[in-house]
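What follows is the content of coords_12.tsv (TSV, C-alpha atoms).
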chain	number	residue	atom	x	y	z
A	253	MET	CA	-4.27	20.84	5.55
A	254	THR	CA	-2.93	18.60	8.28
A	255	ASP	CA	-0.45	15.82	7.56
A	256	PRO	CA	-2.53	12.62	7.12
A	257	TYR	CA	0.43	10.49	8.21
A	258	ASN	CA	0.82	12.15	11.59
A	259	SER	CA	-2.69	12.12	13.03
A	260	ARG	CA	-1.51	10.21	16.11
A	261	GLN	CA	0.14	12.39	18.74
A	262	SER	CA	2.54	9.83	20.16
A	263	ALA	CA	3.51	6.65	18.38
A	264	PRO	CA	4.55	3.63	20.41
A	265	SER	CA	8.12	2.47	20.21
A	266	ASN	CA	8.98	-1.00	19.00
A	267	GLN	CA	12.48	-0.89	20.42
A	268	GLY	CA	13.71	-4.31	21.34
A	269	ASN	CA	11.51	-5.88	18.70
A	270	ASP	CA	13.63	-7.58	16.07
A	271	ALA	CA	10.97	-7.52	13.34
A	272	LEU	CA	11.42	-4.73	10.79
A	273	LEU	CA	8.79	-3.51	8.37
A	274	THR	CA	9.88	-5.13	5.11
A	275	ASP	CA	7.86	-6.64	2.28
A	276	ALA	CA	7.99	-9.97	4.13
A	277	MET	CA	6.08	-8.34	7.01
A	278	VAL	CA	3.19	-7.20	4.78
A	279	THR	CA	0.37	-9.62	4.10
A	280	THR	CA	-3.20	-9.84	2.85
A	281	ALA	CA	-3.85	-12.32	5.67
A	282	PHE	CA	-4.79	-11.17	9.15
A	283	GLU	CA	-1.85	-12.89	10.83
A	284	LEU	CA	1.82	-13.57	10.16
A	285	PRO	CA	3.09	-17.11	10.77
A	286	GLY	CA	5.67	-17.13	13.56
A	287	TYR	CA	4.50	-13.77	14.96
A	288	ARG	CA	1.76	-12.56	17.23
A	289	VAL	CA	0.15	-9.13	17.15
A	290	VAL	CA	0.88	-7.24	20.37
A	291	GLU	CA	-0.55	-3.88	19.33
A	292	SER	CA	-2.83	-2.61	16.59
A	293	LEU	CA	-1.95	0.91	15.43
A	294	GLY	CA	-4.87	1.49	13.08
A	295	ILE	CA	-5.43	1.81	9.38
A	296	VAL	CA	-2.60	2.89	7.10
A	297	ARG	CA	-2.99	3.79	3.47
A	298	GLY	CA	-1.44	5.08	0.33
A	299	ILE	CA	-3.56	6.89	-2.22
A	300	ILE	CA	-2.88	8.28	-5.66
A	301	VAL	CA	-5.04	9.74	-8.39
A	302	ARG	CA	-3.77	9.07	-11.89
A	303	SER	CA	-4.85	10.23	-15.31
A	304	ARG	CA	-3.95	8.94	-18.71
A	305	SER	CA	-2.11	11.33	-20.98
A	306	VAL	CA	-3.18	12.15	-24.52
A	307	VAL	CA	-0.15	10.21	-25.80
A	308	GLY	CA	-0.98	7.27	-23.50
A	309	ASN	CA	-4.58	7.22	-24.73
A	310	PHE	CA	-3.40	7.31	-28.34
A	311	LEU	CA	-0.91	4.46	-27.87
A	312	GLY	CA	-3.43	2.47	-25.81
A	313	GLY	CA	-5.99	2.94	-28.58
A	314	ILE	CA	-3.55	1.69	-31.20
A	315	GLN	CA	-2.62	-1.35	-29.06
A	316	SER	CA	-6.30	-2.15	-28.42
A	317	LEU	CA	-6.85	-2.50	-32.19
A	318	PHE	CA	-4.54	-5.52	-32.17
A	319	GLY	CA	-5.86	-7.06	-28.93
A	320	GLY	CA	-3.87	-8.64	-26.13
A	321	ASP	CA	-2.08	-6.86	-23.32
A	322	ILE	CA	-2.40	-3.07	-23.51
A	323	THR	CA	1.10	-2.43	-22.12
A	324	VAL	CA	0.67	1.36	-21.80
A	325	TYR	CA	-2.25	0.88	-19.40
A	326	THR	CA	-0.67	-2.12	-17.67
A	327	SER	CA	2.41	-0.02	-16.89
A	328	LEU	CA	0.27	2.86	-15.62
A	329	CYS	CA	-1.71	0.55	-13.34
A	330	GLU	CA	1.38	-1.21	-12.00
A	331	GLN	CA	3.12	2.10	-11.30
A	332	ALA	CA	0.06	3.36	-9.42
A	333	ARG	CA	-0.03	0.18	-7.31
A	334	GLN	CA	3.68	0.44	-6.51
A	335	ASP	CA	3.32	4.10	-5.53
A	336	THR	CA	0.36	3.48	-3.21
A	337	TYR	CA	2.09	0.46	-1.64
A	338	ARG	CA	5.20	2.56	-0.99
A	339	ASP	CA	3.09	5.33	0.58
A	340	MET	CA	1.27	2.80	2.78
A	341	LEU	CA	4.63	1.49	4.06
A	342	LYS	CA	5.74	5.06	4.76
A	343	HIS	CA	2.55	5.72	6.72
A	344	ALA	CA	3.03	2.50	8.74
A	345	ARG	CA	6.67	3.34	9.52
A	346	GLN	CA	5.59	6.76	10.78
A	347	LYS	CA	3.28	4.96	13.20
A	348	ARG	CA	6.24	2.75	14.20
A	349	ALA	CA	4.59	-0.43	12.93
A	350	ASN	CA	6.72	-3.43	12.10
A	351	ALA	CA	4.03	-5.25	10.09
A	352	ILE	CA	0.88	-4.60	8.09
A	353	VAL	CA	-1.94	-7.13	7.93
A	354	GLY	CA	-5.13	-7.29	5.89
A	355	VAL	CA	-3.65	-5.40	2.93
A	356	ARG	CA	-6.05	-4.59	0.10
A	357	TYR	CA	-6.08	-2.53	-3.08
A	358	ASP	CA	-9.05	-0.60	-4.40
A	359	ALA	CA	-9.51	1.49	-7.51
A	360	THR	CA	-12.29	3.92	-8.36
A	361	GLU	CA	-12.84	5.76	-11.59
A	362	LEU	CA	-13.52	9.35	-10.51
A	363	MET	CA	-14.31	10.43	-14.07
A	364	PRO	CA	-13.37	9.11	-17.50
A	365	GLY	CA	-9.58	8.86	-17.62
A	366	LEU	CA	-9.11	9.75	-13.92
A	367	THR	CA	-8.66	6.89	-11.44
A	368	GLU	CA	-8.03	6.78	-7.70
A	369	VAL	CA	-5.90	3.86	-6.51
A	370	LEU	CA	-5.85	3.04	-2.81
A	371	CYS	CA	-3.69	0.55	-0.91
A	372	TYR	CA	-4.61	0.02	2.73
A	373	GLY	CA	-4.19	-2.31	5.66
A	374	THR	CA	-3.86	-2.44	9.44
A	375	ALA	CA	-0.54	-1.35	10.94
A	376	VAL	CA	0.52	-3.59	13.82
A	377	VAL	CA	3.40	-4.29	16.13
A	378	VAL	CA	4.28	-7.98	16.14
A	379	GLU	CA	6.74	-10.09	18.04
A	380	ARG	CA	8.10	-13.56	17.34
A	381	THR	CA	6.18	-16.38	18.93
A	382	HIS	CA	9.26	-18.67	19.08
A	383	LEU	CA	12.83	-17.50	19.39
A	384	ASN	CA	15.36	-19.54	17.45
Let me see whether you can do it: turn the structure in this file into structure tokens.
Amino acid sequence: MTDPYNSRQSAPSNQGNDALLTDAMVTTAFELPGYRVVESLGIVRGIIVRSRSVVGNFLGGIQSLFGGDITVYTSLCEQARQDTYRDMLKHARQKRANAIVGVRYDATELMPGLTEVLCYGTAVVVERTHLN
């Protein structure tokens, strides 16, 4: 299987660009205030498939009897989102992006107890519109 993060033969360099890919450079919007997109590098994503364990199902079942936040499942979901977000950033860095716009999450139940979580967006190179 080929490496899904290296499908592009040559990635552009963003040398000389002072914007680094940090959480502040990732947005659900399609633009970043104070920056302009100079190059679009394509879709980047992180994907993970998670299953609940027997113990997790048992504890989740017990918690559901009392109502409220089912912390076992909340923790599982949050960990899956963090993992896919991290993988999306890794993919964008490999493309030499310094920002990601249009970020979205999606989740699909593949079968009972087995869920795919996807985090995706558009990797871009941005530059400041006004220098301070």
> A:Ile299, A:Leu273, A:Val378, A:Val289: which is nearest Gln334 (chain A), counting all atoms listed in the file?
Replying inline: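 Going through A:Ile299, A:Leu273, A:Val378, A:Val289 one by one, the smallest distance to Gln334 (chain A) is for A:Ile299.
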> Counting all atoms listed in the file, what is within 12 Å of Thr367 (chain A), bar same-chain residues fewer than 4 positions away, as a list in words?
Replying inline: Ile299, Ile300, Val301, Arg302, Ser303, Arg304, Tyr325, Leu328, Cys329, Ala332, Arg333, Asp358, Ala359, Thr360, Glu361, Leu362 and Met363 of chain A
Would you write out those residues with C-alpha atoms, as a short mmCIF file (atom, residue, chain, number, x, y, z; two decimals), keeping the file's coordinate frame?
data_model
loop_
_atom_site.label_atom_id
_atom_site.label_comp_id
_atom_site.auth_asym_id
_atom_site.auth_seq_id
_atom_site.Cartn_x
_atom_site.Cartn_y
_atom_site.Cartn_z
CA ILE A 299 -3.56 6.89 -2.22
CA ILE A 300 -2.88 8.28 -5.66
CA VAL A 301 -5.04 9.74 -8.39
CA ARG A 302 -3.77 9.07 -11.89
CA SER A 303 -4.85 10.23 -15.31
CA ARG A 304 -3.95 8.94 -18.71
CA TYR A 325 -2.25 0.88 -19.40
CA LEU A 328 0.27 2.86 -15.62
CA CYS A 329 -1.71 0.55 -13.34
CA ALA A 332 0.06 3.36 -9.42
CA ARG A 333 -0.03 0.18 -7.31
CA ASP A 358 -9.05 -0.60 -4.40
CA ALA A 359 -9.51 1.49 -7.51
CA THR A 360 -12.29 3.92 -8.36
CA GLU A 361 -12.84 5.76 -11.59
CA LEU A 362 -13.52 9.35 -10.51
CA MET A 363 -14.31 10.43 -14.07
#
> A:Gln331, A:Tyr337, A:Ala351, A:Ala375: which is nearest Met277 (chain A), counting all atoms listed in the file?
Replying inline: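 Between A:Gln331, A:Tyr337, A:Ala351, A:Ala375, the residue approaching Met277 (chain A) most closely is A:Ala351.
Nearest-residue note for Phe282 (chain A): choosing from A:Gly365, A:Leu370, A:Gly354, A:Val376, the minimum distance belongs to A:Gly354, counting only C-alpha atoms.
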> So which residues touch Arg356 (chain A) within 7 Å, counting all atoms listed in the file, skipping near sequence neighbours fewer than 3 positions away, as a list in words?
Replying inline: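 The residues that qualify are Thr280, Cys371, Tyr372 and Gly373 of chain A.
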>> Calculated over all atoms listed in the file, which of the candidates A:Val296, A:Leu366, A:Arg338, A:Arg288 has the smallest distance to His382 (chain A)?
In response: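 Checking each of A:Val296, A:Leu366, A:Arg338, A:Arg288 against His382 (chain A), counting all atoms listed in the file, the winner is A:Arg288.
With CA of Ser292 (chain A) on one side and CA of Thr274 (chain A) on the other, the separation reads 17.3 Å.
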> Between CA of Tyr287 (chain A) and CA of Ala349 (chain A), what is the distance, to one decimal in Å?
Replying inline: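 So the answer is 13.5 Å.
The gap separating CA of Ala281 (chain A) from CA of Val355 (chain A) is 7.4 Å, in Å to one decimal.
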> From the set A:Glu330, A:Asp339, A:Asn350, A:Val278, which residue has the shortest atom-to-atom contact distance to Arg380 (chain A), counting all atoms listed in the file?
Replying inline: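 Distance minimum relative to Arg380 (chain A) lands on A:Asn350.
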> Using only C-alpha atoms, which of the listed residues (A:Val353, A:Ile295, A:Val369, A:Val377) sits closest to Thr279 (chain A)?
Replying inline: A:Val353
